[in-house]
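Novice: Provided herewith: work-v3.pdb, PDB, C-alpha atoms.
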```
ATOM      1  CA  MET S 233     -16.017  32.189  10.033
ATOM      2  CA  SER S 234     -19.322  31.109  11.578
ATOM      3  CA  LEU S 235     -20.741  27.627  11.142
ATOM      4  CA  ALA S 236     -23.484  28.926   8.831
ATOM      5  CA  GLN S 237     -20.925  30.689   6.640
ATOM      6  CA  ARG S 238     -18.733  27.600   6.509
ATOM      7  CA  VAL S 239     -21.695  25.415   5.527
ATOM      8  CA  SER S 240     -22.731  27.854   2.785
ATOM      9  CA  THR S 241     -19.155  27.831   1.481
ATOM     10  CA  ILE S 242     -19.043  24.030   1.344
ATOM     11  CA  LEU S 243     -22.510  23.419  -0.147
ATOM     12  CA  PRO S 244     -21.870  24.234  -3.857
ATOM     13  CA  GLY S 245     -18.911  21.853  -4.191
ATOM     14  CA  LEU S 246     -20.597  19.216  -2.024
ATOM     15  CA  ALA S 247     -23.705  19.362  -4.220
ATOM     16  CA  LEU S 248     -21.573  18.883  -7.331
ATOM     17  CA  THR S 249     -19.730  15.874  -5.874
ATOM     18  CA  CYS S 250     -23.034  14.314  -4.814
ATOM     19  CA  ALA S 251     -24.423  14.813  -8.334
ATOM     20  CA  VAL S 252     -21.389  13.090  -9.848
ATOM     21  CA  ALA S 253     -21.723  10.260  -7.317
ATOM     22  CA  LEU S 254     -25.395   9.790  -8.254
ATOM     23  CA  LEU S 255     -24.432   9.552 -11.918
ATOM     24  CA  ALA S 256     -21.869   6.900 -10.991
ATOM     25  CA  TYR S 257     -24.503   4.854  -9.145
ATOM     26  CA  ALA S 258     -26.826   5.252 -12.123
ATOM     27  CA  GLY S 259     -24.066   4.013 -14.436
ATOM     28  CA  GLU S 260     -23.498   0.984 -12.226
ATOM     29  CA  HIS S 261     -27.236   0.222 -12.284
ATOM     30  CA  VAL S 262     -27.245   0.413 -16.091
ATOM     31  CA  GLU S 263     -24.395  -2.119 -16.133
ATOM     32  CA  VAL S 264     -26.418  -4.522 -13.998
ATOM     33  CA  VAL S 265     -29.497  -4.138 -16.202
ATOM     34  CA  LEU S 266     -27.642  -4.538 -19.493
ATOM     35  CA  PHE S 267     -24.965  -7.078 -18.562
ATOM     36  CA  GLY S 268     -26.315  -8.779 -15.445
ATOM     37  CA  GLY S 269     -23.404  -7.675 -13.248
ATOM     38  CA  ARG S 270     -21.074  -4.840 -12.227
ATOM     39  CA  TRP S 271     -17.980  -4.735 -14.385
ATOM     40  CA  ILE S 272     -16.862  -1.263 -13.286
ATOM     41  CA  GLU S 273     -17.758  -0.268  -9.715
ATOM     42  CA  SER S 274     -19.491   3.009  -8.924
ATOM     43  CA  LEU S 275     -16.351   4.044  -7.045
ATOM     44  CA  VAL S 276     -14.252   3.918 -10.226
ATOM     45  CA  LEU S 277     -17.057   5.430 -12.303
ATOM     46  CA  ALA S 278     -17.243   8.363  -9.862
ATOM     47  CA  ILE S 279     -13.565   9.139 -10.399
ATOM     48  CA  ALA S 280     -13.883   8.818 -14.186
ATOM     49  CA  LEU S 281     -16.958  11.076 -14.306
ATOM     50  CA  GLY S 282     -15.312  13.613 -11.999
ATOM     51  CA  ILE S 283     -12.240  13.745 -14.226
ATOM     52  CA  ALA S 284     -14.482  14.153 -17.292
ATOM     53  CA  VAL S 285     -16.384  17.059 -15.720
ATOM     54  CA  CYS S 286     -13.166  18.750 -14.613
ATOM     55  CA  THR S 287     -11.586  18.263 -18.045
ATOM     56  CA  LEU S 288     -14.538  19.425 -20.136
ATOM     57  CA  LYS S 289     -15.088  22.698 -18.265
ATOM     58  CA  PRO S 290     -12.947  24.498 -15.674
ATOM     59  CA  LEU S 291     -14.722  24.535 -12.330
ATOM     60  CA  ASN S 292     -15.829  27.689 -10.563
ATOM     61  CA  PRO S 293     -13.410  28.448  -7.671
ATOM     62  CA  ALA S 294     -16.448  28.558  -5.378
ATOM     63  CA  MET S 295     -16.679  24.781  -5.796
ATOM     64  CA  LYS S 296     -13.244  24.106  -4.284
ATOM     65  CA  PRO S 297     -14.112  24.225  -0.526
ATOM     66  CA  GLY S 298     -16.916  21.690  -0.930
ATOM     67  CA  ILE S 299     -14.824  19.438  -3.166
ATOM     68  CA  ASP S 300     -11.938  19.544  -0.681
ATOM     69  CA  PHE S 301     -14.337  18.802   2.193
ATOM     70  CA  SER S 302     -15.741  15.783   0.333
ATOM     71  CA  ALA S 303     -12.317  14.464  -0.625
ATOM     72  CA  LYS S 304     -10.889  14.718   2.889
ATOM     73  CA  ILE S 305     -13.462  14.799   5.699
ATOM     74  CA  LEU S 306     -16.071  12.529   4.097
ATOM     75  CA  LEU S 307     -13.367  10.061   3.076
ATOM     76  CA  GLU S 308     -11.979   9.949   6.624
ATOM     77  CA  ILE S 309     -15.472   9.328   8.043
ATOM     78  CA  ALA S 310     -15.965   6.540   5.485
ATOM     79  CA  ILE S 311     -12.710   4.910   6.609
ATOM     80  CA  VAL S 312     -13.834   4.995  10.248
ATOM     81  CA  LEU S 313     -17.136   3.318   9.356
ATOM     82  CA  LEU S 314     -15.264   0.753   7.259
ATOM     83  CA  GLY S 315     -13.815  -0.602  10.497
ATOM     84  CA  ALA S 316     -17.251  -1.866  11.518
ATOM     85  CA  SER S 317     -17.295  -4.224   8.527
ATOM     86  CA  ILE S 318     -14.140  -6.052   9.623
ATOM     87  CA  SER S 319     -14.309  -8.624  12.389
ATOM     88  CA  LEU S 320     -11.486 -10.704  13.814
ATOM     89  CA  SER S 321     -13.890 -13.646  14.015
ATOM     90  CA  ALA S 322     -12.561 -14.805  10.633
ATOM     91  CA  ILE S 323      -9.425 -15.915  12.455
ATOM     92  CA  ARG S 324     -11.415 -18.620  14.251
ATOM     93  CA  GLY S 325     -11.853 -20.499  10.998
ATOM     94  CA  ALA S 326      -8.195 -20.438   9.957
ATOM     95  CA  GLY S 327      -5.165 -22.141  11.402
ATOM     96  CA  VAL S 328      -2.316 -20.247  13.021
ATOM     97  CA  TRP S 329       0.113 -21.159  10.265
ATOM     98  CA  LEU S 330      -2.269 -20.015   7.538
ATOM     99  CA  ILE S 331      -2.814 -16.684   9.311
ATOM    100  CA  ALA S 332       0.929 -16.189   9.721
ATOM    101  CA  GLY S 333       1.468 -17.169   6.094
ATOM    102  CA  ILE S 334      -1.123 -14.665   4.843
ATOM    103  CA  ALA S 335       0.518 -11.909   6.901
ATOM    104  CA  ILE S 336       3.909 -12.788   5.415
ATOM    105  CA  VAL S 337       2.452 -12.793   1.885
ATOM    106  CA  VAL S 338       0.960  -9.326   2.416
ATOM    107  CA  ILE S 339       4.214  -7.914   3.836
ATOM    108  CA  LEU S 340       6.387  -9.421   1.086
ATOM    109  CA  SER S 341       3.961  -8.302  -1.610
ATOM    110  CA  ILE S 342       3.840  -4.704  -0.340
ATOM    111  CA  ALA S 343       7.630  -4.547  -0.174
ATOM    112  CA  ALA S 344       8.138  -6.160  -3.595
ATOM    113  CA  THR S 345       5.523  -3.979  -5.287
ATOM    114  CA  TYR S 346       6.967  -0.825  -3.789
ATOM    115  CA  VAL S 347      10.419  -1.753  -5.110
ATOM    116  CA  ILE S 348       8.933  -2.527  -8.558
ATOM    117  CA  GLY S 349       7.040   0.779  -8.629
ATOM    118  CA  ARG S 350      10.078   2.809  -7.642
ATOM    119  CA  ALA S 351      12.243   0.946 -10.181
ATOM    120  CA  LEU S 352       9.724   1.966 -12.861
ATOM    121  CA  GLY S 353      10.016   5.590 -11.794
ATOM    122  CA  LEU S 354       6.731   5.958  -9.886
ATOM    123  CA  PRO S 355       6.606   8.501  -7.028
ATOM    124  CA  PRO S 356       6.887   6.929  -3.548
ATOM    125  CA  ARG S 357       3.253   7.563  -2.576
ATOM    126  CA  LEU S 358       1.853   6.193  -5.836
ATOM    127  CA  ALA S 359       4.072   3.099  -5.509
ATOM    128  CA  THR S 360       2.788   2.668  -1.939
ATOM    129  CA  LEU S 361      -0.863   2.925  -3.017
ATOM    130  CA  ILE S 362      -0.435   0.306  -5.733
ATOM    131  CA  ALA S 363       1.451  -1.944  -3.295
ATOM    132  CA  CYS S 364      -1.304  -1.770  -0.681
ATOM    133  CA  GLY S 365      -4.112  -2.107  -3.229
ATOM    134  CA  ASN S 366      -2.632  -5.201  -4.852
ATOM    135  CA  SER S 367      -1.503  -6.794  -1.610
ATOM    136  CA  ILE S 368      -4.580  -6.338   0.594
ATOM    137  CA  CYS S 369      -7.986  -5.511  -0.850
ATOM    138  CA  GLY S 370      -7.818  -3.315  -3.922
ATOM    139  CA  ASN S 371      -9.890  -0.130  -3.858
ATOM    140  CA  SER S 372     -10.623  -0.255  -0.123
ATOM    141  CA  ALA S 373      -6.925  -0.441   0.761
ATOM    142  CA  ILE S 374      -6.004   2.362  -1.643
ATOM    143  CA  VAL S 375      -8.764   4.590  -0.276
ATOM    144  CA  ALA S 376      -7.832   3.827   3.341
ATOM    145  CA  VAL S 377      -4.089   4.289   2.952
ATOM    146  CA  ALA S 378      -4.211   7.396   0.723
ATOM    147  CA  PRO S 379      -4.981   9.999   3.425
ATOM    148  CA  VAL S 380      -2.573   8.318   5.832
ATOM    149  CA  ILE S 381       0.410   8.827   3.511
ATOM    150  CA  GLU S 382      -1.020  12.155   2.271
ATOM    151  CA  ALA S 383      -1.293  11.047  -1.363
ATOM    152  CA  ASP S 384      -2.702  13.617  -3.782
ATOM    153  CA  SER S 385      -5.752  13.234  -6.012
ATOM    154  CA  GLN S 386      -3.769  12.377  -9.163
ATOM    155  CA  GLU S 387      -1.969   9.548  -7.392
ATOM    156  CA  ILE S 388      -5.186   8.137  -5.927
ATOM    157  CA  ALA S 389      -7.004   8.318  -9.258
ATOM    158  CA  ALA S 390      -4.158   6.614 -11.111
ATOM    159  CA  ALA S 391      -3.871   3.805  -8.552
ATOM    160  CA  LEU S 392      -7.627   3.176  -8.480
ATOM    161  CA  ALA S 393      -8.210   3.375 -12.221
ATOM    162  CA  PHE S 394      -5.503   1.008 -13.373
ATOM    163  CA  THR S 395      -5.708  -1.525 -10.539
ATOM    164  CA  ALA S 396      -9.492  -1.709 -11.099
ATOM    165  CA  VAL S 397      -8.943  -2.800 -14.694
ATOM    166  CA  LEU S 398      -6.355  -5.353 -13.593
ATOM    167  CA  GLY S 399      -8.709  -6.659 -10.879
ATOM    168  CA  ILE S 400     -11.412  -7.395 -13.448
ATOM    169  CA  ALA S 401      -8.878  -9.136 -15.702
ATOM    170  CA  ALA S 402      -7.744 -11.326 -12.780
ATOM    171  CA  VAL S 403     -11.303 -12.584 -12.221
ATOM    172  CA  PHE S 404     -11.456 -13.868 -15.803
ATOM    173  CA  LEU S 405      -7.925 -15.254 -16.013
ATOM    174  CA  LEU S 406      -7.513 -16.898 -12.596
ATOM    175  CA  PRO S 407      -9.865 -19.881 -13.258
ATOM    176  CA  LEU S 408      -7.479 -20.910 -16.045
ATOM    177  CA  PHE S 409      -4.955 -21.873 -13.360
ATOM    178  CA  TYR S 410      -7.425 -24.398 -11.955
ATOM    179  CA  PHE S 411      -8.602 -25.838 -15.245
ATOM    180  CA  HIS S 412      -5.195 -26.024 -16.960
ATOM    181  CA  LEU S 413      -2.586 -26.426 -14.185
ATOM    182  CA  GLY S 414      -4.200 -29.283 -12.295
ATOM    183  CA  MET S 415      -4.652 -27.440  -8.990
ATOM    184  CA  SER S 416      -6.880 -28.965  -6.313
ATOM    185  CA  VAL S 417     -10.004 -27.106  -5.198
ATOM    186  CA  PRO S 418      -8.527 -26.022  -1.807
ATOM    187  CA  GLN S 419      -5.333 -24.887  -3.521
ATOM    188  CA  TYR S 420      -7.258 -22.830  -6.050
ATOM    189  CA  GLY S 421      -9.527 -21.329  -3.381
ATOM    190  CA  THR S 422      -6.456 -20.318  -1.351
ATOM    191  CA  LEU S 423      -4.766 -18.815  -4.423
ATOM    192  CA  ALA S 424      -7.895 -16.818  -5.292
ATOM    193  CA  GLY S 425      -8.257 -15.536  -1.743
ATOM    194  CA  LEU S 426      -4.619 -14.420  -1.713
ATOM    195  CA  THR S 427      -4.538 -12.702  -5.102
ATOM    196  CA  VAL S 428      -7.977 -11.350  -6.048
ATOM    197  CA  TYR S 429      -8.685  -7.834  -4.773
ATOM    198  CA  ALA S 430     -12.253  -7.639  -3.463
ATOM    199  CA  VAL S 431     -14.508 -10.189  -1.748
ATOM    200  CA  PRO S 432     -17.162 -10.056  -4.541
ATOM    201  CA  GLN S 433     -14.381 -10.661  -7.075
ATOM    202  CA  VAL S 434     -13.206 -13.679  -5.059
ATOM    203  CA  LEU S 435     -16.733 -15.062  -5.242
ATOM    204  CA  ALA S 436     -16.813 -14.493  -9.013
ATOM    205  CA  ALA S 437     -13.417 -16.139  -9.500
ATOM    206  CA  THR S 438     -14.161 -19.201  -7.337
ATOM    207  CA  ALA S 439     -17.833 -19.850  -8.167
ATOM    208  CA  PRO S 440     -17.052 -21.763 -11.407
ATOM    209  CA  VAL S 441     -14.962 -24.252  -9.381
ATOM    210  CA  GLY S 442     -17.528 -25.029  -6.692
ATOM    211  CA  LEU S 443     -18.705 -24.342  -3.148
ATOM    212  CA  LEU S 444     -15.505 -25.527  -1.431
ATOM    213  CA  ALA S 445     -13.440 -23.123  -3.518
ATOM    214  CA  VAL S 446     -15.841 -20.288  -2.652
ATOM    215  CA  GLN S 447     -15.651 -21.052   1.072
ATOM    216  CA  THR S 448     -11.859 -21.410   1.077
ATOM    217  CA  GLY S 449     -11.291 -18.308  -1.009
ATOM    218  CA  THR S 450     -13.653 -16.200   1.096
ATOM    219  CA  LEU S 451     -12.038 -17.290   4.371
ATOM    220  CA  VAL S 452      -8.521 -16.552   3.117
ATOM    221  CA  LYS S 453      -9.662 -13.232   1.677
ATOM    222  CA  LEU S 454     -11.295 -12.151   4.962
ATOM    223  CA  VAL S 455      -8.100 -12.917   6.888
ATOM    224  CA  ARG S 456      -6.166 -10.954   4.258
ATOM    225  CA  VAL S 457      -8.519  -7.982   4.708
ATOM    226  CA  LEU S 458      -7.705  -8.008   8.432
ATOM    227  CA  MET S 459      -4.172  -6.952   7.492
ATOM    228  CA  LEU S 460      -5.584  -3.547   6.481
ATOM    229  CA  GLY S 461      -5.792  -2.379  10.099
ATOM    230  CA  PRO S 462      -2.148  -3.055  11.040
ATOM    231  CA  VAL S 463      -0.911  -1.734   7.682
ATOM    232  CA  ILE S 464      -2.651   1.653   7.875
ATOM    233  CA  PHE S 465      -1.631   1.943  11.534
ATOM    234  CA  LEU S 466       2.009   1.309  10.593
ATOM    235  CA  PHE S 467       1.937   3.787   7.708
ATOM    236  CA  GLY S 468       0.260   6.336   9.986
ATOM    237  CA  VAL S 469       3.030   6.030  12.560
ATOM    238  CA  ILE S 470       5.766   6.208   9.887
ATOM    239  CA  THR S 471       4.223   9.228   8.145
ATOM    240  CA  LYS S 472       3.685  11.204  11.318
ATOM    241  CA  ALA S 473       7.102  10.257  12.694
ATOM    242  CA  GLU S 474       8.679  11.579   9.498
ATOM    243  CA  ALA S 475       6.680  14.785   9.866
ATOM    244  CA  VAL S 476       8.025  15.234  13.385
ATOM    245  CA  GLY S 477      11.534  14.477  12.205
ATOM    246  CA  THR S 478      11.412  17.121   9.477
ATOM    247  CA  ASP S 479      10.127  19.799  11.858
ATOM    248  CA  ALA S 480      13.395  21.551  12.638
ATOM    249  CA  ARG S 481      12.003  23.622  15.466
ATOM    250  CA  GLY S 482      10.009  20.795  16.991
ATOM    251  CA  SER S 483       7.425  23.325  18.114
ATOM    252  CA  HIS S 484       4.425  21.770  16.415
ATOM    253  CA  HIS S 485       2.430  18.961  17.943
ATOM    254  CA  HIS S 486       1.974  15.947  15.699
ATOM    255  CA  SER S 487      -0.356  13.092  16.574
ATOM    256  CA  LEU S 488       1.447   9.870  15.710
ATOM    257  CA  VAL S 489      -1.807   8.235  14.596
ATOM    258  CA  PRO S 490      -4.466  10.166  12.611
ATOM    259  CA  TRP S 491      -7.890  10.297  14.255
ATOM    260  CA  PHE S 492      -9.600   8.251  11.564
ATOM    261  CA  ILE S 493      -7.167   5.359  11.995
ATOM    262  CA  CYS S 494      -7.988   5.304  15.702
ATOM    263  CA  GLY S 495     -11.678   5.333  14.784
ATOM    264  CA  PHE S 496     -11.199   2.550  12.235
ATOM    265  CA  LEU S 497      -9.347   0.333  14.704
ATOM    266  CA  GLY S 498     -11.825   1.197  17.473
ATOM    267  CA  LEU S 499     -14.872   0.131  15.427
ATOM    268  CA  MET S 500     -13.043  -2.992  14.254
ATOM    269  CA  ALA S 501     -12.393  -3.908  17.889
ATOM    270  CA  LEU S 502     -15.993  -3.191  18.904
ATOM    271  CA  ARG S 503     -17.267  -5.364  16.041
ATOM    272  CA  SER S 504     -14.862  -8.166  16.948
ATOM    273  CA  PHE S 505     -16.056  -8.200  20.578
ATOM    274  CA  GLY S 506     -19.711  -8.163  19.518
ATOM    275  CA  LEU S 507     -20.359  -4.670  20.873
ATOM    276  CA  ILE S 508     -21.817  -3.421  17.587
ATOM    277  CA  PRO S 509     -25.260  -4.981  16.999
ATOM    278  CA  ASP S 510     -25.455  -6.964  13.782
ATOM    279  CA  VAL S 511     -28.449  -4.892  12.722
ATOM    280  CA  LEU S 512     -26.215  -1.802  12.539
ATOM    281  CA  VAL S 513     -23.357  -3.352  10.566
ATOM    282  CA  ALA S 514     -25.054  -3.372   7.154
ATOM    283  CA  PRO S 515     -26.278   0.267   7.375
ATOM    284  CA  MET S 516     -22.808   1.388   8.454
ATOM    285  CA  GLU S 517     -21.296  -0.424   5.460
ATOM    286  CA  VAL S 518     -23.814   1.275   3.163
ATOM    287  CA  VAL S 519     -23.073   4.738   4.572
ATOM    288  CA  SER S 520     -19.327   4.087   4.321
ATOM    289  CA  GLY S 521     -19.745   3.035   0.694
ATOM    290  CA  ILE S 522     -21.814   6.092  -0.199
ATOM    291  CA  LEU S 523     -19.380   8.501   1.449
ATOM    292  CA  THR S 524     -16.480   6.787  -0.321
ATOM    293  CA  VAL S 525     -18.123   7.186  -3.735
ATOM    294  CA  ILE S 526     -18.815  10.879  -3.003
ATOM    295  CA  ALA S 527     -15.188  11.317  -1.925
ATOM    296  CA  MET S 528     -13.969   9.616  -5.102
ATOM    297  CA  ALA S 529     -16.139  11.943  -7.178
ATOM    298  CA  ALA S 530     -14.451  14.842  -5.390
ATOM    299  CA  LEU S 531     -11.025  13.396  -6.110
ATOM    300  CA  GLY S 532     -11.943  13.056  -9.774
ATOM    301  CA  LEU S 533     -13.039  16.687  -9.843
ATOM    302  CA  SER S 534      -9.558  17.611  -8.591
ATOM    303  CA  VAL S 535      -7.576  15.548 -11.106
ATOM    304  CA  ASN S 536      -5.524  16.816 -13.993
ATOM    305  CA  ILE S 537      -6.142  14.238 -16.722
ATOM    306  CA  ARG S 538      -2.667  14.814 -18.164
ATOM    307  CA  SER S 539      -1.064  13.747 -14.888
ATOM    308  CA  VAL S 540      -3.000  10.476 -14.814
ATOM    309  CA  ALA S 541      -2.363   9.732 -18.494
ATOM    310  CA  HIS S 542       1.336  10.491 -18.112
ATOM    311  CA  ALA S 543       1.733   7.851 -15.413
ATOM    312  CA  GLY S 544      -0.537   5.330 -17.131
ATOM    313  CA  GLY S 545       1.981   2.996 -18.748
ATOM    314  CA  ARG S 546       4.209   2.803 -15.686
ATOM    315  CA  VAL S 547       1.235   2.246 -13.359
ATOM    316  CA  ILE S 548      -0.091  -0.596 -15.513
ATOM    317  CA  ALA S 549       3.363  -2.172 -15.644
ATOM    318  CA  ALA S 550       3.841  -1.849 -11.873
ATOM    319  CA  ALA S 551       0.378  -3.236 -11.088
ATOM    320  CA  THR S 552       0.765  -6.146 -13.518
ATOM    321  CA  LEU S 553       4.223  -7.120 -12.266
ATOM    322  CA  SER S 554       2.947  -6.758  -8.701
ATOM    323  CA  LEU S 555       0.052  -9.136  -9.347
ATOM    324  CA  LEU S 556       2.383 -11.685 -10.934
ATOM    325  CA  MET S 557       4.725 -11.376  -7.962
ATOM    326  CA  LEU S 558       1.781 -11.806  -5.551
ATOM    327  CA  GLY S 559       0.719 -14.933  -7.433
ATOM    328  CA  LEU S 560       4.195 -16.458  -7.150
ATOM    329  CA  ILE S 561       4.468 -15.647  -3.439
ATOM    330  CA  SER S 562       0.972 -17.029  -2.833
ATOM    331  CA  TYR S 563       1.748 -20.251  -4.681
ATOM    332  CA  GLY S 564       4.908 -20.558  -2.599
ATOM    333  CA  LEU S 565       2.764 -20.344   0.557
ATOM    334  CA  ILE S 566       0.429 -23.053  -0.746
ATOM    335  CA  VAL S 567       3.418 -25.330  -1.345
ATOM    336  CA  ALA S 568       5.028 -24.465   2.010
ATOM    337  CA  LEU S 569       1.819 -25.222   3.941
ATOM    338  CA  GLN S 570       1.266 -28.393   1.871
ATOM    339  CA  ILE S 571      -2.319 -27.472   1.065
ATOM    340  CA  GLN S 572      -3.809 -30.356  -0.892
TER     341      GLN S 572
END
```
As structure tokens - that is how I would like this structure written.
Specialist:
Amino acid sequence: MSLAQRVSTILPGLALTCAVALLAYAGEHVEVVLFGGRWIESLVLAIALGIAVCTLKPLNPAMKPGIDFSAKILLEIAIVLLGASISLSAIRGAGVWLIAGIAIVVILSIAATYVIGRALGLPPRLATLIACGNSICGNSAIVAVAPVIEADSQEIAAALAFTAVLGIAAVFLLPLFYFHLGMSVPQYGTLAGLTVYAVPQVLAATAPVGLLAVQTGTLVKLVRVLMLGPVIFLFGVITKAEAVGTDARGSHHHSLVPWFICGFLGLMALRSFGLIPDVLVAPMEVVSGILTVIAMAALGLSVNIRSVAHAGGRVIAAATLSLLMLGLISYGLIVALQIQ
């Protein structure tokens, strides 16, 4: 198939995913206008709208190549560009013991959440997505890990939808720990940075307590985000090693690390060494965000609503128990490090 033929095959589905993504951005803008803030991100709206479109009317088979292209290739490009937004410079502002403690919290939380998810009957890949989302950085971690472990669209949609709701709830409930449990400002900022999913949500959760809480929470959160690189690298190696192990003939070549993980880590390294000009970082983040929303729209257009609904109760239970477990582990770190 020639390049022109391939492009013409992809265009219908790509146009549909872009239209759904635009509607999601429009919905987010309406939220800001009406409520003064974003309660549901465009990323989650894109999945919900995609599912609605797919449920209301069966899609023309001609749409499938473009939808598949958006869900896979565009998502992988978005992950590569995401690496440019992560810099190791955050480590300079944290002590060695705090960094080590955050790494331990992330590892323990991923392991505990995976065990909880499997105990509740969730499939291994869905349990892994929820574990990474809760333990690292919510939507970004789920989106980055999903192609590495070869999760399907139903699993990604379920993990994103239910953890998004829980993330919003955490922003409202977490300040109660400060106001009613007598925590100090540094302790609360550390707890928020260790438990809340996204950086904007950390800001929302810590702002009522004051500037010191915001600064502490943001620093801890940024160090926690740095764990995304090693985690997706590790899952990439494990997944590809398993693929090699199950190839009885051993005649197929398997790259141990997917190309987009190498790209992600490469851009993260370039950013950390100051080789990416600051003027390019923001545009790369914007492009990564746009491509991610388009990819999520494509995933929504591929989702069977019955599959997501069927797993709903167990996903909510796993995500909730995971967040409680993360909170306990995080509080244990605060006590162990004697943060006052």
Novice: Could you check which residues have any atom within 8 Å of (-10.1, 16.4, -8.2), counting only C-alpha atoms with coordinates taken straight from the file, and then list them as a list in words?
Specialist: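 Within the cut-off we find Gly282, Ile283, Cys286, Ile299, Ser385, Gln386, Ala529, Ala530, Leu531, Gly532, Leu533, Ser534, Val535 and Asn536 of chain S.
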Novice: Measuring atom to atom with only C-alpha atoms, identify which of S:Tyr257, S:Tyr420, S:Phe409, S:Phe267 is nearest to S:Ile571.
Specialist: S:Tyr420
Novice: Could you check the closest approach to S:Phe492 for each of S:Leu320, S:Leu254, S:Val312, S:Ala402 and tell me which residue wins, using only C-alpha atoms?
Specialist: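 Among S:Leu320, S:Leu254, S:Val312, S:Ala402, it is S:Val312 that comes nearest to S:Phe492.
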Novice: Please check which residues have atoms at most 10 Å from (2.1, 1.4, 7.0) in the file's coordinates, counting only C-alpha atoms, and write them as a PyMOL selection string.
Specialist: chain S and resi 342+360+364+377+380-381+460-471
Novice: Just the residues within 8 Å of stretch 316-319 of chain S, please, counting only C-alpha atoms, with nothing from its chain fewer than 5 positions along; format it as a list in words.
Specialist: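 With the cut-off at 8 Å, the set is Val457, Leu458, Phe496, Leu499, Met500, Ala501, Leu502, Arg503, Ser504, Ile508, Val513, Ala514, Met516 and Glu517 of chain S.
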Novice: Taking the file above as input, evaluate the PyMOL selection byres ((chain S and resi 241) around 12) and report the hits as a list in words.
Specialist: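 Those residues are Met233, Ser234, Leu235, Ala236, Gln237, Arg238, Val239, Ser240, Ile242, Leu243, Pro244, Gly245, Leu246, Ala247, Pro293, Ala294, Met295, Lys296, Pro297, Gly298, Ile299, Asp300 and Phe301 of chain S.
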Novice: Tell me which of S:Ile561, S:Ser554, S:Thr249, S:Ala359 sits closest to S:Ser302, counting all atoms listed in the file.
Specialist: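 Checking each candidate against S:Ser302, we get S:Thr249 as the closest.
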Novice: So how many Å separate atom CA of S:Thr450 and atom CA of S:Thr422, to one decimal?
Specialist: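 A separation of 8.6 Å between them.
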Novice: Using only C-alpha atoms, pick whichever of S:Gly414, S:Gly365, S:Gly498, S:Pro379 has the shortest atom-to-atom distance to S:Ala430.
Specialist: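 Closest to S:Ala430 of all the choices is S:Gly365.
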Novice: So which residues get picked by the PyMOL selection byres ((chain S and resi 440) around 12) here, written as a count of residues only?
Specialist: 22
Novice: So which one's closest to S:Ala378, S:Val547, S:Val285, S:Ala393, S:Leu361? Using all atoms listed in the file, please.
Specialist: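 Once distances to S:Ala378 are computed over all atoms listed in the file, the minimum belongs to S:Leu361.
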Novice: Which residues, written as number ranges by chain, have at least one atom at most 12 Å from S:Ala391, with only C-alpha atoms counted and residues fewer than 5 positions away on the same chain left out?
Specialist: S: 276, 279, 349, 354-355, 357-366, 370-375, 377-378, 383-386, 396-399, 540-541, 543-551
Novice: Distance atom CA of S:Gly425-atom CA of S:Ala376, one decimal place?
Specialist: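 So the answer is 20.0 Å.
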Novice: Give me, as a PyMOL selection string, all polymer residues having an atom no more than 9 Å from S:Ile309, counting only C-alpha atoms and skipping those fewer than 6 positions away in the same chain.
Specialist: chain S and resi 492+495+520+523-524
